[in-house]
Amino acid sequence: MNTTRIVIADDESHITHLLSHKLKQAGHDVLVANDGQEAFDLISKILPDLVITDFQMPVMDGYEIAVKLKNQAKTQQIPLMMLTGLGHKLTPQQLIATNIKHLISKPFSARNLICKATTLLKQTQQTNQSCHWYGQNAYGERAA
């Protein structure tokens, strides 16, 4: 099995350090961005398997990143997990406009977040394998 790539986007260094450490321990390749624009550029370049982003960040917020990713063919299938302030919610319409799979309120359990990330990655890999079985990858491109 190939190593999965995860981008963590948060302007709080203690959060990126904690999550990066835990996800690397779980066997993932982790890249970190400190603001929304940096995250968007990195995600568009490397096409990670998962994005974990904070909602509130400088330059571009996490929701804005999610919408932009959903609107690009090459990034529209990348799943996201969004970290939010306590009690912050997104409407069903906002979720439809993105590929956000989990909203996680701060403070959060790192163990719970890693568990959700692992489960989401497994589901995504199963979907991608099913698409390849029928001659297409998850982006609708013909499989080699």
# chains A, B, ... in the order shown; residues from 1 in each chain; ligands from 1
$ select_by_dssp --residues "region 19-51 of chain A" --states "alpha helix (DSSP H)" --output "list in words"
Leu19, Ser20, His21, Lys22, Leu23, Lys24, Gln25, Gly36, Gln37, Glu38, Ala39, Phe40, Asp41, Leu42, Ile43, Ser44, Lys45 and Ile46 of chain A
$ residues_around --residues "His17 (chain A)" --least-positions-apart "3" --cutoff "12 Å" --atoms "only C-alpha atoms" --output "ChimeraX atom specification"
/A:8-14,20-24,30-34,110
$ atom_distance --atom1 "CA of Ser109 (chain A)" --atom2 "CA of Asp49 (chain A)"
21.5 Å
$ closest_residue --among "A:Leu80, A:Leu120, A:Leu69, A:Ile96" --to "Lys45 (chain A)" --atoms "only C-alpha atoms"
A:Leu69
$ closest_residue --among "A:Asp61, A:Ala117, A:Ala73, A:Arg5" --to "Ile46 (chain A)" --atoms "only C-alpha atoms"
A:Arg5
